[in-house]
>>> print(open('structure_22.cif').read())   # mmCIF, C-alpha atoms
data_run
loop_
_atom_site.label_atom_id
_atom_site.label_comp_id
_atom_site.auth_asym_id
_atom_site.auth_seq_id
_atom_site.Cartn_x
_atom_site.Cartn_y
_atom_site.Cartn_z
CA MET A 278 9.68 -7.27 -20.41
CA SER A 279 11.39 -9.16 -17.58
CA ASP A 280 12.92 -5.93 -16.24
CA LEU A 281 9.52 -4.24 -16.35
CA LEU A 282 7.85 -7.11 -14.50
CA ALA A 283 10.49 -6.95 -11.79
CA ARG A 284 9.57 -3.31 -11.11
CA ILE A 285 5.83 -3.92 -10.70
CA SER A 286 4.07 -4.69 -7.41
CA VAL A 287 0.34 -5.48 -7.19
CA PHE A 288 -1.41 -5.51 -3.81
CA GLU A 289 -4.92 -6.62 -2.91
CA GLU A 290 -7.10 -6.03 0.14
CA PRO A 291 -5.00 -6.74 3.28
CA ASP A 292 -5.75 -9.94 5.18
CA LEU A 293 -6.40 -8.14 8.47
CA PHE A 294 -8.28 -11.04 10.06
CA ASN A 295 -5.35 -13.47 9.97
CA LEU A 296 -2.85 -10.71 10.72
CA ARG A 297 -4.81 -9.91 13.87
CA GLN A 298 -5.41 -13.50 14.91
CA GLN A 299 -2.00 -14.99 14.11
CA GLY A 300 0.47 -12.27 13.26
CA SER A 301 3.00 -13.01 10.52
CA PRO A 302 4.98 -16.21 9.85
CA ALA A 303 8.36 -15.80 11.56
CA PHE A 304 10.41 -15.90 8.38
CA ASP A 305 13.22 -13.61 7.27
CA ASP A 306 11.12 -12.05 4.51
CA VAL A 307 12.18 -8.97 2.56
CA GLN A 308 9.28 -8.88 0.06
CA LEU A 309 5.69 -8.26 1.08
CA HIS A 310 3.04 -10.75 -0.02
CA GLY A 311 0.05 -9.59 -2.06
CA ARG A 312 -2.33 -9.44 0.92
CA GLY A 313 0.30 -8.41 3.43
CA GLN A 314 0.05 -11.11 6.09
CA ASN A 315 3.84 -11.29 6.33
CA VAL A 316 4.09 -7.55 6.99
CA LEU A 317 5.49 -7.99 10.51
CA SER A 318 8.32 -10.28 9.40
CA VAL A 319 9.13 -7.88 6.57
CA LEU A 320 9.15 -4.87 8.89
CA ARG A 321 11.40 -6.63 11.37
CA ARG A 322 13.84 -7.52 8.61
CA TRP A 323 13.84 -3.92 7.37
CA GLN A 324 14.45 -2.69 10.91
CA GLN A 325 17.45 -5.00 11.39
CA ASP A 326 19.09 -4.41 8.00
CA SER A 327 20.96 -1.10 7.78
CA GLN A 328 20.44 -0.95 4.01
CA LEU A 329 16.67 -1.35 4.41
CA LYS A 330 16.21 0.65 7.62
CA SER A 331 14.90 3.68 5.71
CA ARG A 332 11.89 1.60 4.65
CA PHE A 333 11.07 0.70 8.25
CA ASP A 334 11.48 4.35 9.28
CA PHE A 335 9.14 5.45 6.49
CA VAL A 336 6.43 3.06 7.71
CA THR A 337 6.73 4.07 11.38
CA GLN A 338 6.78 7.78 10.56
CA GLY A 339 3.73 7.41 8.32
CA LEU A 340 1.93 5.48 11.04
CA GLN A 341 2.71 8.23 13.56
CA ALA A 342 1.48 10.91 11.16
CA ALA A 343 -1.84 9.09 10.74
CA PHE A 344 -2.17 8.11 14.41
CA PRO A 345 -0.29 10.77 16.43
CA SER A 346 -0.51 8.89 19.74
CA VAL A 347 1.56 6.00 18.33
CA LYS A 348 5.19 6.31 19.39
CA GLN A 349 6.82 2.97 18.68
CA ILE A 350 6.28 -0.55 17.42
CA ASP A 351 8.25 -3.63 18.41
CA PHE A 352 8.07 -7.33 17.57
CA VAL A 353 7.55 -10.44 19.68
CA GLY A 354 8.20 -13.99 18.51
CA VAL A 355 5.64 -16.63 19.51
CA GLY A 356 6.70 -20.03 18.21
CA ASN A 357 6.67 -19.92 14.42
CA TRP A 358 4.75 -16.63 14.39
CA LEU A 359 5.68 -13.02 14.88
CA THR A 360 3.40 -10.52 16.59
CA ALA A 361 3.83 -6.84 17.43
CA ARG A 362 3.15 -4.35 20.19
CA ILE A 363 2.19 -0.69 19.89
CA TYR A 364 3.53 1.92 22.33
CA ARG A 365 1.40 5.02 22.76
CA GLU A 366 2.07 8.40 24.27
CA GLY A 367 1.13 8.58 27.95
CA VAL A 368 0.57 4.82 28.23
CA GLU A 369 3.26 2.90 30.10
CA GLN A 370 2.47 -0.59 28.83
CA PRO A 371 2.35 -1.45 25.11
CA ALA A 372 -0.81 -2.89 23.56
CA PRO A 373 -0.82 -6.03 21.40
CA LEU A 374 -1.33 -5.29 17.73
CA ALA A 375 -4.31 -7.68 17.87
CA ASN A 376 -6.12 -5.13 20.07
CA GLU A 377 -5.72 -2.27 17.62
CA ALA A 378 -8.41 -0.98 15.26
CA ASN A 379 -8.58 -2.22 11.68
CA GLY A 380 -7.63 1.23 10.47
CA LEU A 381 -4.22 1.06 12.14
CA LEU A 382 -3.53 -2.46 10.85
CA GLN A 383 -4.54 -1.47 7.35
CA MET A 384 -2.37 1.64 7.45
CA LEU A 385 0.59 -0.50 8.55
CA VAL A 386 0.16 -2.80 5.53
CA LEU A 387 -0.50 0.03 3.05
CA LEU A 388 2.61 1.93 4.12
CA ALA A 389 4.63 -1.27 3.74
CA ASN A 390 3.16 -1.61 0.21
CA VAL A 391 4.62 1.80 -0.57
CA ALA A 392 7.97 1.25 1.15
CA GLN A 393 8.62 -2.01 -0.69
CA SER A 394 8.79 -0.28 -4.06
CA ASN A 395 12.17 0.31 -5.67
CA PRO A 396 13.30 3.38 -7.64
CA GLY A 397 11.52 3.61 -10.96
CA GLY A 398 8.92 1.02 -9.97
CA LEU A 399 5.16 0.90 -10.24
CA VAL A 400 2.83 -0.06 -7.37
CA ALA A 401 -0.86 -0.93 -7.90
CA ILE A 402 -3.06 -1.01 -4.78
CA ASP A 403 -6.68 -2.11 -4.92
CA GLU A 404 -9.22 -0.40 -2.63
CA PRO A 405 -6.94 1.46 -0.16
CA GLU A 406 -9.95 2.93 1.69
CA MET A 407 -9.84 3.60 5.42
CA ALA A 408 -12.57 4.65 7.83
CA PHE A 409 -10.46 7.50 9.22
CA ILE A 410 -10.34 10.40 6.76
CA HIS A 411 -7.22 11.84 8.40
CA ALA A 412 -5.42 8.51 8.03
CA MET A 413 -6.39 8.30 4.36
CA ARG A 414 -5.01 11.77 3.72
CA MET A 415 -1.78 10.94 5.49
CA PHE A 416 -1.45 7.78 3.38
CA LEU A 417 -1.80 9.77 0.16
CA ARG A 418 0.78 12.27 1.41
CA SER A 419 3.15 9.39 2.17
CA CYS A 420 2.62 8.01 -1.35
CA GLN A 421 3.45 11.36 -2.86
CA GLN A 422 6.60 11.77 -0.76
CA TRP A 423 7.90 8.31 -1.69
CA ALA A 424 6.97 8.82 -5.35
CA LEU A 425 8.84 12.10 -5.60
CA LYS A 426 11.91 10.74 -3.83
CA TYR A 427 12.22 7.46 -5.74
CA ARG A 428 10.41 8.17 -9.05
CA VAL A 429 7.76 5.56 -8.29
CA THR A 430 4.31 5.56 -9.89
CA PHE A 431 1.32 4.58 -7.75
CA VAL A 432 -1.97 3.30 -9.16
CA LEU A 433 -4.86 3.32 -6.67
CA ALA A 434 -8.19 1.75 -7.68
CA THR A 435 -11.10 2.87 -5.51
CA HIS A 436 -14.81 3.64 -5.24
CA SER A 437 -14.26 6.16 -2.44
CA LEU A 438 -15.55 9.69 -3.03
CA VAL A 439 -13.53 10.82 -0.01
CA LEU A 440 -10.34 9.63 -1.69
CA LEU A 441 -11.42 11.14 -4.98
CA ASP A 442 -11.87 14.54 -3.30
CA GLU A 443 -8.17 14.57 -2.50
CA PHE A 444 -7.50 14.91 -6.25
CA THR A 445 -9.64 18.01 -6.78
CA ASP A 446 -6.59 20.06 -7.76
CA THR A 447 -5.17 17.38 -10.06
CA PRO A 448 -8.09 16.06 -12.17
CA GLU A 449 -5.65 14.85 -14.83
CA ALA A 450 -4.59 12.13 -12.39
CA VAL A 451 -8.10 10.66 -12.19
CA PHE A 452 -9.62 8.13 -14.58
CA VAL A 453 -13.27 7.04 -14.41
CA MET A 454 -13.79 3.56 -15.76
CA LYS A 455 -17.09 2.04 -16.85
CA ALA A 456 -16.79 -1.60 -17.79
CA LEU A 457 -19.26 -3.20 -20.17
CA GLU A 458 -20.82 -6.52 -19.20
CA GLY A 459 -23.22 -8.25 -21.55
CA GLY A 460 -23.77 -5.05 -23.47
CA ARG A 461 -24.77 -3.17 -20.32
CA GLN A 462 -22.73 -0.63 -18.51
CA ARG A 463 -21.78 -1.56 -14.97
CA SER A 464 -21.37 0.97 -12.17
CA ALA A 465 -18.33 3.17 -12.57
CA GLN A 466 -15.13 2.57 -10.68
CA PHE A 467 -12.98 5.55 -9.86
CA THR A 468 -9.34 4.98 -10.59
CA LEU A 469 -6.84 7.34 -9.01
CA ILE A 470 -3.31 7.59 -10.30
CA ILE A 471 -0.52 9.47 -8.52
CA TYR A 472 2.41 10.46 -10.72
CA ALA A 473 5.84 11.24 -9.34
CA ILE A 474 7.10 11.87 -12.87
CA GLU A 475 5.61 11.87 -16.34
CA THR A 476 6.02 8.20 -17.20
CA GLY A 477 4.04 8.25 -20.40
CA TYR A 478 2.02 5.23 -19.24
CA ARG A 479 -1.33 6.97 -18.96
CA ASP A 480 -3.55 4.00 -19.84
CA SER A 481 -6.64 3.82 -17.62
CA SER A 482 -6.87 0.06 -18.20
CA TRP A 483 -4.18 -0.34 -15.54
CA ALA A 484 -6.89 -0.58 -12.91
CA THR A 485 -8.38 -3.68 -14.52
CA CYS A 486 -5.10 -5.57 -14.18
CA THR A 487 -5.05 -8.59 -11.91
CA SER A 488 -1.50 -9.79 -12.55
CA LYS A 489 1.96 -8.44 -13.21
CA GLU A 490 1.93 -9.90 -16.72
CA LYS A 491 -1.28 -8.14 -17.72
CA LEU A 492 -0.19 -4.86 -16.16
CA ALA A 493 3.12 -5.02 -17.98
CA ALA A 494 1.41 -5.83 -21.29
CA THR A 495 -0.87 -2.82 -20.87
CA MET A 496 2.03 -0.52 -20.12
CA MET A 497 3.96 -1.82 -23.13
CA GLY A 498 1.01 -1.05 -25.39
CA CYS A 499 0.35 -4.71 -26.16
CA GLU A 500 -3.08 -4.84 -24.56
CA HIS A 501 -5.81 -2.28 -24.20
CA GLY A 502 -9.39 -2.11 -22.97
#
>>> encode(input="structure_22.cif", output="structure tokens")
Amino acid sequence: MSDLLARISVFEEPDLFNLRQQGSPAFDDVQLHGRGQNVLSVLRRWQQDSQLKSRFDFVTQGLQAAFPSVKQIDFVGVGNWLTARIYREGVEQPAPLANEANGLLQMLVLLANVAQSNPGGLVAIDEPEMAFIHAMRMFLRSCQQWALKYRVTFVLATHSLVLLDEFTDTPEAVFVMKALEGGRQRSAQFTLIIYAIETGYRDSSWATCTSKEKLAATMMGCEHG
């Protein structure tokens, strides 16, 4: 059980407001927090560590695929906080990350969610929707590439029909959940699951999990529903 828990990561909606206003605490973090506010400190650490550099490269390449004008990102320390700047094609001066659209900030955090996972791990991301359809498609493609390379399973819980459409050719990877509340059926929540390999853990109750312990129990067959 302890080994299984160590391979599970659960991420919630990114805290874009504080990321934009403050940046990330200037710590030497390697692991991303659940809402991603320390994403800049994590990315800087990945960039500086030769053994983790591939994770930083994955994030920057994914960001460039989603937003083709983005060419580079660098980091600036301000007291106890770390901010970032975005370099774009044809623009001489970089722009502060705080000036960028929410879609770019969210993509940065989501790609870091993916890149943090270790071989054989499982990553659950709640509501990975983005306003830009192209960016959403590029994020799914990045998930699939990482999953195939490192045998990682991704669980994406969403209400987005746009995201659901991306699974038209793989309906077996989609679970529709309808939770009961007081004897009445609540609105359905679409749960999308990307498989790199056949893990055998095909329990749709994954999407209801709010903690590593519950997710692990579900996967182990100890809890259902």
>>> residues_around(input="structure_22.cif", residues="stretch 415-422 of chain A", least_positions_apart="6", cutoff="9 Å", atoms="all atoms listed in the file", output="list in words")
Phe335, Gly339, Leu340, Ala342, Ala343, Met384, Leu387, Leu388, Val391, Ala392, Val429, Phe431, Leu440, Glu443, Ile471, Tyr472 and Ala473 of chain A
>>> residues_around(input="structure_22.cif", residues="A:Leu293", least_positions_apart="4", cutoff="9 Å", atoms="all atoms listed in the file", output="mmCIF file with C-alpha atoms, in the coordinates of the input")
data_model
loop_
_atom_site.group_PDB
_atom_site.id
_atom_site.type_symbol
_atom_site.label_atom_id
_atom_site.label_comp_id
_atom_site.auth_asym_id
_atom_site.auth_seq_id
_atom_site.Cartn_x
_atom_site.Cartn_y
_atom_site.Cartn_z
ATOM 1 C CA ARG A 297 -4.810 -9.910 13.870
ATOM 2 C CA GLN A 298 -5.410 -13.500 14.910
ATOM 3 C CA ARG A 312 -2.330 -9.440 0.920
ATOM 4 C CA GLY A 313 0.300 -8.410 3.430
ATOM 5 C CA GLN A 314 0.050 -11.110 6.090
ATOM 6 C CA ASN A 379 -8.580 -2.220 11.680
ATOM 7 C CA LEU A 382 -3.530 -2.460 10.850
ATOM 8 C CA GLN A 383 -4.540 -1.470 7.350
ATOM 9 C CA VAL A 386 0.160 -2.800 5.530
#
>>> resolve_selection(input="structure_22.cif", expression="the PyMOL selection byres ((chain A and resi 354) around 10)", output="PyMOL selection string")
chain A and resi 300-303+318+352-353+355-361
>>> residues_around(input="structure_22.cif", residues="A:Asn390", least_positions_apart="6", cutoff="9 Å", atoms="all atoms listed in the file", output="ChimeraX atom specification")
/A:286-288,309,311,313,400,402
>>> atom_distance(input="structure_22.cif", atom1="atom CA of A:Glu377", atom2="atom CA of A:Ser346")
12.5 Å
>>> residues_around(input="structure_22.cif", residues="A:Arg332", least_positions_apart="4", cutoff="12 Å", atoms="all atoms listed in the file", output="PDB file with C-alpha atoms, in the coordinates of the input")
ATOM      1  CA  VAL A 307      12.180  -8.970   2.560  1.00  0.00           C
ATOM      2  CA  GLN A 308       9.280  -8.880   0.060  1.00  0.00           C
ATOM      3  CA  VAL A 319       9.130  -7.880   6.570  1.00  0.00           C
ATOM      4  CA  LEU A 320       9.150  -4.870   8.890  1.00  0.00           C
ATOM      5  CA  ARG A 321      11.400  -6.630  11.370  1.00  0.00           C
ATOM      6  CA  ARG A 322      13.840  -7.520   8.610  1.00  0.00           C
ATOM      7  CA  TRP A 323      13.840  -3.920   7.370  1.00  0.00           C
ATOM      8  CA  GLN A 324      14.450  -2.690  10.910  1.00  0.00           C
ATOM      9  CA  GLN A 325      17.450  -5.000  11.390  1.00  0.00           C
ATOM     10  CA  ASP A 326      19.090  -4.410   8.000  1.00  0.00           C
ATOM     11  CA  SER A 327      20.960  -1.100   7.780  1.00  0.00           C
ATOM     12  CA  GLN A 328      20.440  -0.950   4.010  1.00  0.00           C
ATOM     13  CA  VAL A 336       6.430   3.060   7.710  1.00  0.00           C
ATOM     14  CA  THR A 337       6.730   4.070  11.380  1.00  0.00           C
ATOM     15  CA  GLN A 338       6.780   7.780  10.560  1.00  0.00           C
ATOM     16  CA  GLY A 339       3.730   7.410   8.320  1.00  0.00           C
ATOM     17  CA  LEU A 388       2.610   1.930   4.120  1.00  0.00           C
ATOM     18  CA  ALA A 389       4.630  -1.270   3.740  1.00  0.00           C
ATOM     19  CA  ASN A 390       3.160  -1.610   0.210  1.00  0.00           C
ATOM     20  CA  VAL A 391       4.620   1.800  -0.570  1.00  0.00           C
ATOM     21  CA  ALA A 392       7.970   1.250   1.150  1.00  0.00           C
ATOM     22  CA  GLN A 393       8.620  -2.010  -0.690  1.00  0.00           C
ATOM     23  CA  SER A 394       8.790  -0.280  -4.060  1.00  0.00           C
ATOM     24  CA  ASN A 395      12.170   0.310  -5.670  1.00  0.00           C
ATOM     25  CA  SER A 419       3.150   9.390   2.170  1.00  0.00           C
ATOM     26  CA  TRP A 423       7.900   8.310  -1.690  1.00  0.00           C
ATOM     27  CA  TYR A 427      12.220   7.460  -5.740  1.00  0.00           C
TER      28      TYR A 427
END
>>> closest_residue(input="structure_22.cif", among="A:Val451, A:Asp292, A:Pro373, A:Arg414", to="A:Val432", atoms="all atoms listed in the file")
A:Val451
>>> atom_distance(input="structure_22.cif", atom1="atom CA of A:Phe294", atom2="atom CA of A:Val316")
13.2 Å
>>> decode(input="structure_22.cif", residues="stretch 396-434 of chain A", atoms="N, CA and C atoms", output="short mmCIF file (atom, residue, chain, number, x, y, z; two decimals), in the first residue's frame")
data_model
loop_
_atom_site.label_atom_id
_atom_site.label_comp_id
_atom_site.auth_asym_id
_atom_site.auth_seq_id
_atom_site.Cartn_x
_atom_site.Cartn_y
_atom_site.Cartn_z
N PRO A 396 7.86 6.90 -13.46
CA PRO A 396 7.48 5.69 -14.19
C PRO A 396 6.57 4.78 -13.37
N GLY A 397 5.50 4.34 -14.01
CA GLY A 397 4.56 3.45 -13.36
C GLY A 397 3.58 4.14 -12.43
N GLY A 398 3.58 5.47 -12.43
CA GLY A 398 2.72 6.21 -11.52
C GLY A 398 1.31 6.43 -12.05
N LEU A 399 0.51 7.08 -11.23
CA LEU A 399 -0.85 7.44 -11.61
C LEU A 399 -1.08 8.90 -11.22
N VAL A 400 -1.60 9.69 -12.15
CA VAL A 400 -1.84 11.11 -11.92
C VAL A 400 -3.33 11.40 -12.14
N ALA A 401 -3.99 11.97 -11.12
CA ALA A 401 -5.39 12.37 -11.22
C ALA A 401 -5.47 13.89 -11.25
N ILE A 402 -6.10 14.44 -12.29
CA ILE A 402 -6.23 15.89 -12.44
C ILE A 402 -7.71 16.24 -12.55
N ASP A 403 -8.15 17.13 -11.68
CA ASP A 403 -9.55 17.53 -11.66
C ASP A 403 -9.77 18.77 -12.52
N GLU A 404 -10.72 18.69 -13.44
CA GLU A 404 -11.14 19.82 -14.28
C GLU A 404 -9.97 20.49 -15.02
N PRO A 405 -9.34 19.80 -15.97
CA PRO A 405 -8.22 20.40 -16.71
C PRO A 405 -8.66 21.25 -17.90
N GLU A 406 -9.88 21.82 -17.85
CA GLU A 406 -10.39 22.58 -18.98
C GLU A 406 -9.60 23.85 -19.24
N MET A 407 -9.53 24.23 -20.52
CA MET A 407 -8.92 25.48 -20.93
C MET A 407 -9.80 26.13 -21.99
N ALA A 408 -9.75 27.46 -22.04
CA ALA A 408 -10.59 28.19 -22.99
C ALA A 408 -10.14 27.96 -24.43
N PHE A 409 -8.85 27.73 -24.62
CA PHE A 409 -8.31 27.55 -25.96
C PHE A 409 -8.35 26.08 -26.34
N ILE A 410 -9.16 25.75 -27.37
CA ILE A 410 -9.33 24.36 -27.78
C ILE A 410 -8.00 23.76 -28.24
N HIS A 411 -7.21 24.56 -28.98
CA HIS A 411 -5.91 24.06 -29.45
C HIS A 411 -5.02 23.69 -28.27
N ALA A 412 -5.00 24.54 -27.25
CA ALA A 412 -4.17 24.27 -26.07
C ALA A 412 -4.62 23.00 -25.37
N MET A 413 -5.93 22.78 -25.29
CA MET A 413 -6.45 21.58 -24.65
C MET A 413 -6.02 20.33 -25.41
N ARG A 414 -6.07 20.41 -26.73
CA ARG A 414 -5.65 19.26 -27.53
C ARG A 414 -4.17 18.98 -27.37
N MET A 415 -3.38 20.03 -27.31
CA MET A 415 -1.95 19.85 -27.13
C MET A 415 -1.64 19.27 -25.75
N PHE A 416 -2.43 19.64 -24.75
CA PHE A 416 -2.23 19.07 -23.42
C PHE A 416 -2.51 17.57 -23.43
N LEU A 417 -3.60 17.17 -24.07
CA LEU A 417 -3.91 15.74 -24.14
C LEU A 417 -2.82 14.98 -24.89
N ARG A 418 -2.31 15.57 -25.95
CA ARG A 418 -1.22 14.93 -26.70
C ARG A 418 0.02 14.78 -25.82
N SER A 419 0.30 15.79 -25.02
CA SER A 419 1.45 15.72 -24.11
C SER A 419 1.24 14.62 -23.08
N CYS A 420 0.03 14.50 -22.55
CA CYS A 420 -0.29 13.42 -21.60
C CYS A 420 -0.01 12.06 -22.23
N GLN A 421 -0.47 11.89 -23.45
CA GLN A 421 -0.32 10.60 -24.12
C GLN A 421 1.16 10.29 -24.37
N GLN A 422 1.94 11.29 -24.75
CA GLN A 422 3.36 11.06 -25.00
C GLN A 422 4.08 10.64 -23.72
N TRP A 423 3.78 11.35 -22.62
CA TRP A 423 4.43 11.02 -21.34
C TRP A 423 3.99 9.64 -20.86
N ALA A 424 2.69 9.35 -21.03
CA ALA A 424 2.15 8.07 -20.58
C ALA A 424 2.81 6.91 -21.31
N LEU A 425 2.97 7.04 -22.61
CA LEU A 425 3.57 5.97 -23.40
C LEU A 425 5.04 5.79 -23.06
N LYS A 426 5.73 6.88 -22.79
CA LYS A 426 7.17 6.82 -22.51
C LYS A 426 7.47 6.25 -21.13
N TYR A 427 6.62 6.61 -20.15
CA TYR A 427 6.94 6.25 -18.76
C TYR A 427 5.92 5.32 -18.11
N ARG A 428 4.98 4.79 -18.89
CA ARG A 428 3.96 3.85 -18.37
C ARG A 428 3.18 4.47 -17.22
N VAL A 429 2.77 5.70 -17.43
CA VAL A 429 1.99 6.44 -16.43
C VAL A 429 0.52 6.44 -16.85
N THR A 430 -0.37 6.30 -15.89
CA THR A 430 -1.81 6.38 -16.14
C THR A 430 -2.31 7.74 -15.70
N PHE A 431 -3.11 8.38 -16.55
CA PHE A 431 -3.69 9.68 -16.23
C PHE A 431 -5.21 9.55 -16.10
N VAL A 432 -5.74 10.14 -15.04
CA VAL A 432 -7.18 10.18 -14.80
C VAL A 432 -7.60 11.65 -14.84
N LEU A 433 -8.45 12.01 -15.79
CA LEU A 433 -8.90 13.39 -15.94
C LEU A 433 -10.40 13.46 -15.71
N ALA A 434 -10.83 14.19 -14.69
CA ALA A 434 -12.25 14.35 -14.39
C ALA A 434 -12.71 15.69 -14.95
#
